[in-house]
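**Q** Got a structure for you, questions after.
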Amino acid sequence: MSSIFSKIARGEIPSYKIAESDKFYAFLDINPMSEGHTLVIPKEETDYIFDLGETDFSGLFLFAKKVAEGIKSAVPCTRVGIAVIGLEVPHAHIHLIPINKESDMDFRKPKLKLQKEEMEAIAARISSQIKL
Ligand code: AMP
């Protein structure tokens, strides 16, 4: 069975798309820790990020770097934090999170509740700043 993220990458489930290449896809986390919280995935399904082959692993991080640069331009923040958890969705993904202080990376914090229109506007803003 396909993971929810495979379905997102194939466009079978909607997402707030940020960017895509032939192998990778970036979209907003539906339960954001902060405005602009983005997930970056390989389109091909692998559960555990360290099981990716070397080319896909390095390609994913290079793609994430370009996405993070776009986030930094579009969202006021001190840094874009990076995290890999993967306990909820069994499809490798990198979290890119705009942060201003250490506690902004605390996954136990209550998540933001943003309206569809706000998510669309954030995605469009970030997307317009990304140069692949
Ligand atoms: P984890 O696997 O622990 O890294 O967490 C999975 C992340 O995926 C969580 O931050 C969820 O909010 C996020 N998530 C789950 N389903 C979706 C979805 N359909 N669209 C966007 N983000 C999602």
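In the structure tokens, each chain is lettered A, B, ... as it comes, each chain's residues begin at 1, and ligands are numbered from 1 in order of appearance.
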Kindly provide, as a ChimeraX atom specification, all nucleotide and amino acid residues lying within 9 Å of ligand 1, counting only C-alpha atoms and all ligand atoms.

**A** /A:4-5,8,13-16,27-33,37-39,83-95,107,111

**Q** Go ahead and save the picked residues with C-alpha atoms, as a PDB file, in the first residue's frame.

**A**
```pdb
ATOM      1  CA  ILE A   4       0.043   9.136   2.289  1.00  0.00           C
ATOM      2  CA  PHE A   5       3.146  11.034   1.146  1.00  0.00           C
ATOM      3  CA  ILE A   8       0.681  13.489  -2.180  1.00  0.00           C
ATOM      4  CA  ILE A  13      -4.119  13.670  -2.252  1.00  0.00           C
ATOM      5  CA  PRO A  14      -4.054  17.485  -2.138  1.00  0.00           C
ATOM      6  CA  SER A  15      -1.147  19.332  -0.564  1.00  0.00           C
ATOM      7  CA  TYR A  16       0.080  22.901  -0.271  1.00  0.00           C
ATOM      8  CA  PHE A  27       4.855  20.825   0.667  1.00  0.00           C
ATOM      9  CA  LEU A  28       3.581  22.536   3.806  1.00  0.00           C
ATOM     10  CA  ASP A  29       3.127  20.451   6.944  1.00  0.00           C
ATOM     11  CA  ILE A  30      -0.592  20.335   7.616  1.00  0.00           C
ATOM     12  CA  ASN A  31       0.013  20.799  11.395  1.00  0.00           C
ATOM     13  CA  PRO A  32       2.702  23.486  11.332  1.00  0.00           C
ATOM     14  CA  MET A  33       5.019  24.261  14.244  1.00  0.00           C
ATOM     15  CA  HIS A  37       6.865  24.600   8.226  1.00  0.00           C
ATOM     16  CA  THR A  38       7.650  22.479   5.189  1.00  0.00           C
ATOM     17  CA  LEU A  39       8.230  18.793   4.501  1.00  0.00           C
ATOM     18  CA  ALA A  83      14.676  17.846  11.709  1.00  0.00           C
ATOM     19  CA  VAL A  84      14.003  14.250  10.816  1.00  0.00           C
ATOM     20  CA  ILE A  85      11.542  12.379  13.023  1.00  0.00           C
ATOM     21  CA  GLY A  86       9.570   9.924  10.913  1.00  0.00           C
ATOM     22  CA  LEU A  87       7.658   8.261  13.743  1.00  0.00           C
ATOM     23  CA  GLU A  88       4.240   9.126  12.325  1.00  0.00           C
ATOM     24  CA  VAL A  89       4.486   8.762   8.547  1.00  0.00           C
ATOM     25  CA  PRO A  90       6.577   5.849   7.186  1.00  0.00           C
ATOM     26  CA  HIS A  91       7.913   7.774   4.191  1.00  0.00           C
ATOM     27  CA  ALA A  92      11.258   9.546   4.549  1.00  0.00           C
ATOM     28  CA  HIS A  93      10.846  13.295   5.065  1.00  0.00           C
ATOM     29  CA  ILE A  94      12.818  16.289   6.261  1.00  0.00           C
ATOM     30  CA  HIS A  95      11.092  18.965   8.343  1.00  0.00           C
ATOM     31  CA  PHE A 107       7.657  19.027  18.536  1.00  0.00           C
ATOM     32  CA  LYS A 111       0.628  23.127  16.512  1.00  0.00           C
TER      33      LYS A 111
END
```

**Q** Quick one: residues within 7 Å of range 24-26 of chain A, only C-alpha atoms counted, chain neighbours fewer than 3 positions away excluded, as an MDAnalysis selection string?

**A** chainID A and resid 9 17:21 38:43 60

**Q** From the options A:Ser2, A:Asn100, A:Leu112, A:Val80, which residue's atoms come nearest to Ala64 in chain A, counting only C-alpha atoms?

**A**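 So, comparing all the options, the nearest one is A:Val80.
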
**Q** Which of chain A counts as alpha helix (DSSP H) under DSSP, as a VMD selection string please?

**A** chain A and resid 4 to 9 54 to 74 116 to 127

**Q** Between CA of Leu132 in chain A and CA of Ser6 in chain A, what is the distance, to one decimal in Å?

**A** 21.2 Å

**Q** Can you pull out every residue within 10 Å of Ile71 in chain A, counting only C-alpha atoms, but drop anything in the same chain fewer than 5 positions away, and send it as a list in words?

**A** Ile18, Glu35, Gly36, His37, Thr38, Lys65, Lys66, Pro76, Cys77, Arg79, Val80, Leu96, Ile97, Pro98, Ile122, Ala123, Arg125, Ile126, Ser127, Ser128, Gln129 and Ile130 of chain A

**Q** Could you tell me how far CA of Gly81 in chain A sits from CA of Asp104 in chain A, in Å to one decimal place?

**A**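 About the pair CA of Asp104 in chain A and CA of Gly81 in chain A: they are 8.8 Å apart.
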
**Q** Looking only at the backbone, which of the residues in range 9-116 of chain A does DSSP tag as strand (DSSP E or B), as a list in words?

**A**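 Matching residues for strand (DSSP E or B) in range 9-116 of chain A are Lys17, Ile18, Ala19, Glu20, Phe24, Tyr25, Ala26, Phe27, Leu28, Thr38, Leu39, Val40, Ile41, Pro42, Arg79, Val80, Gly81, Ile82, Ala83, Ile94, His95, Leu96, Ile97, Pro98 and Ile99 of chain A.
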
**Q** Write a file of the selected residues as a compact mmCIF listing (two decimals), in the first residue's frame, keeping N, CA and C atoms.

**A**
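Result file selection-v7.txt:
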```
# COMPACT_ATOMS: atom_id res chain seq x y z
N LYS A 17 1.58 22.68 -2.14
CA LYS A 17 2.87 22.42 -2.79
C LYS A 17 3.79 23.64 -2.73
N ILE A 18 5.06 23.35 -2.46
CA ILE A 18 6.09 24.39 -2.43
C ILE A 18 6.99 24.29 -3.66
N ALA A 19 7.43 23.07 -3.95
CA ALA A 19 8.33 22.87 -5.10
C ALA A 19 8.39 21.40 -5.43
N GLU A 20 8.80 21.11 -6.68
CA GLU A 20 9.03 19.71 -7.03
C GLU A 20 10.08 19.60 -8.11
N PHE A 24 11.98 14.73 -6.22
CA PHE A 24 11.69 15.22 -4.87
C PHE A 24 10.48 16.16 -4.88
N TYR A 25 9.86 16.30 -3.70
CA TYR A 25 8.63 17.10 -3.59
C TYR A 25 8.64 17.80 -2.23
N ALA A 26 8.23 19.06 -2.21
CA ALA A 26 8.15 19.82 -0.96
C ALA A 26 6.76 20.41 -0.81
N PHE A 27 6.22 20.34 0.41
CA PHE A 27 4.85 20.83 0.67
C PHE A 27 4.75 21.23 2.13
N LEU A 28 3.74 22.07 2.43
CA LEU A 28 3.58 22.54 3.81
C LEU A 28 3.10 21.41 4.71
N THR A 38 7.70 23.20 6.47
CA THR A 38 7.65 22.48 5.19
C THR A 38 8.22 21.08 5.34
N LEU A 39 7.70 20.15 4.56
CA LEU A 39 8.23 18.79 4.50
C LEU A 39 8.83 18.56 3.12
N VAL A 40 9.97 17.90 3.09
CA VAL A 40 10.63 17.58 1.83
C VAL A 40 10.77 16.06 1.75
N ILE A 41 10.31 15.49 0.64
CA ILE A 41 10.30 14.02 0.53
C ILE A 41 10.88 13.57 -0.81
N PRO A 42 11.41 12.33 -0.82
CA PRO A 42 11.67 11.71 -2.13
C PRO A 42 10.33 11.21 -2.67
N ARG A 79 16.51 31.56 11.50
CA ARG A 79 17.10 30.40 10.82
C ARG A 79 15.97 29.51 10.32
N VAL A 80 16.33 28.62 9.41
CA VAL A 80 15.41 27.53 9.08
C VAL A 80 15.99 26.29 9.75
N GLY A 81 15.26 25.78 10.74
CA GLY A 81 15.69 24.57 11.45
C GLY A 81 15.39 23.34 10.62
N ILE A 82 16.15 22.28 10.87
CA ILE A 82 15.96 21.04 10.11
C ILE A 82 15.84 19.88 11.09
N ALA A 83 14.88 18.99 10.82
CA ALA A 83 14.68 17.85 11.71
C ALA A 83 14.18 16.66 10.91
N ILE A 94 12.06 15.30 5.49
CA ILE A 94 12.82 16.29 6.26
C ILE A 94 11.86 17.42 6.64
N HIS A 95 11.85 17.78 7.92
CA HIS A 95 11.09 18.96 8.34
C HIS A 95 11.99 20.20 8.20
N LEU A 96 11.50 21.24 7.56
CA LEU A 96 12.18 22.54 7.51
C LEU A 96 11.28 23.52 8.24
N ILE A 97 11.80 24.10 9.32
CA ILE A 97 10.94 24.89 10.22
C ILE A 97 11.55 26.27 10.47
N PRO A 98 10.84 27.33 10.08
CA PRO A 98 11.34 28.67 10.40
C PRO A 98 11.37 28.86 11.92
N ILE A 99 12.52 29.27 12.43
CA ILE A 99 12.67 29.41 13.89
C ILE A 99 13.34 30.73 14.27
```

**Q** Quick one: of A:Leu114, A:Ser3, A:Glu120, A:Asp106, who's nearest to Asp47 in chain A, counting only C-alpha atoms?

**A**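 Checking each of A:Leu114, A:Ser3, A:Glu120, A:Asp106 against Asp47 in chain A, counting only C-alpha atoms, the winner is A:Ser3.
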
**Q** Smallest atom-to-atom distance to Lys23 in chain A: which of A:Glu118, A:Asp51, A:Asp56, A:Glu69, using only C-alpha atoms?

**A** A:Asp56

**Q** Using only C-alpha atoms, can you tell me which of A:Lys101, A:Gln115, A:Ala121, A:Phe50 comes closest to Val75 in chain A?

**A** A:Ala121

**Q** What's the separation between CA of Ile49 in chain A and CA of Lys116 in chain A, in Å to one decimal place?

**A**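 Those two atoms sit 29.4 Å apart.
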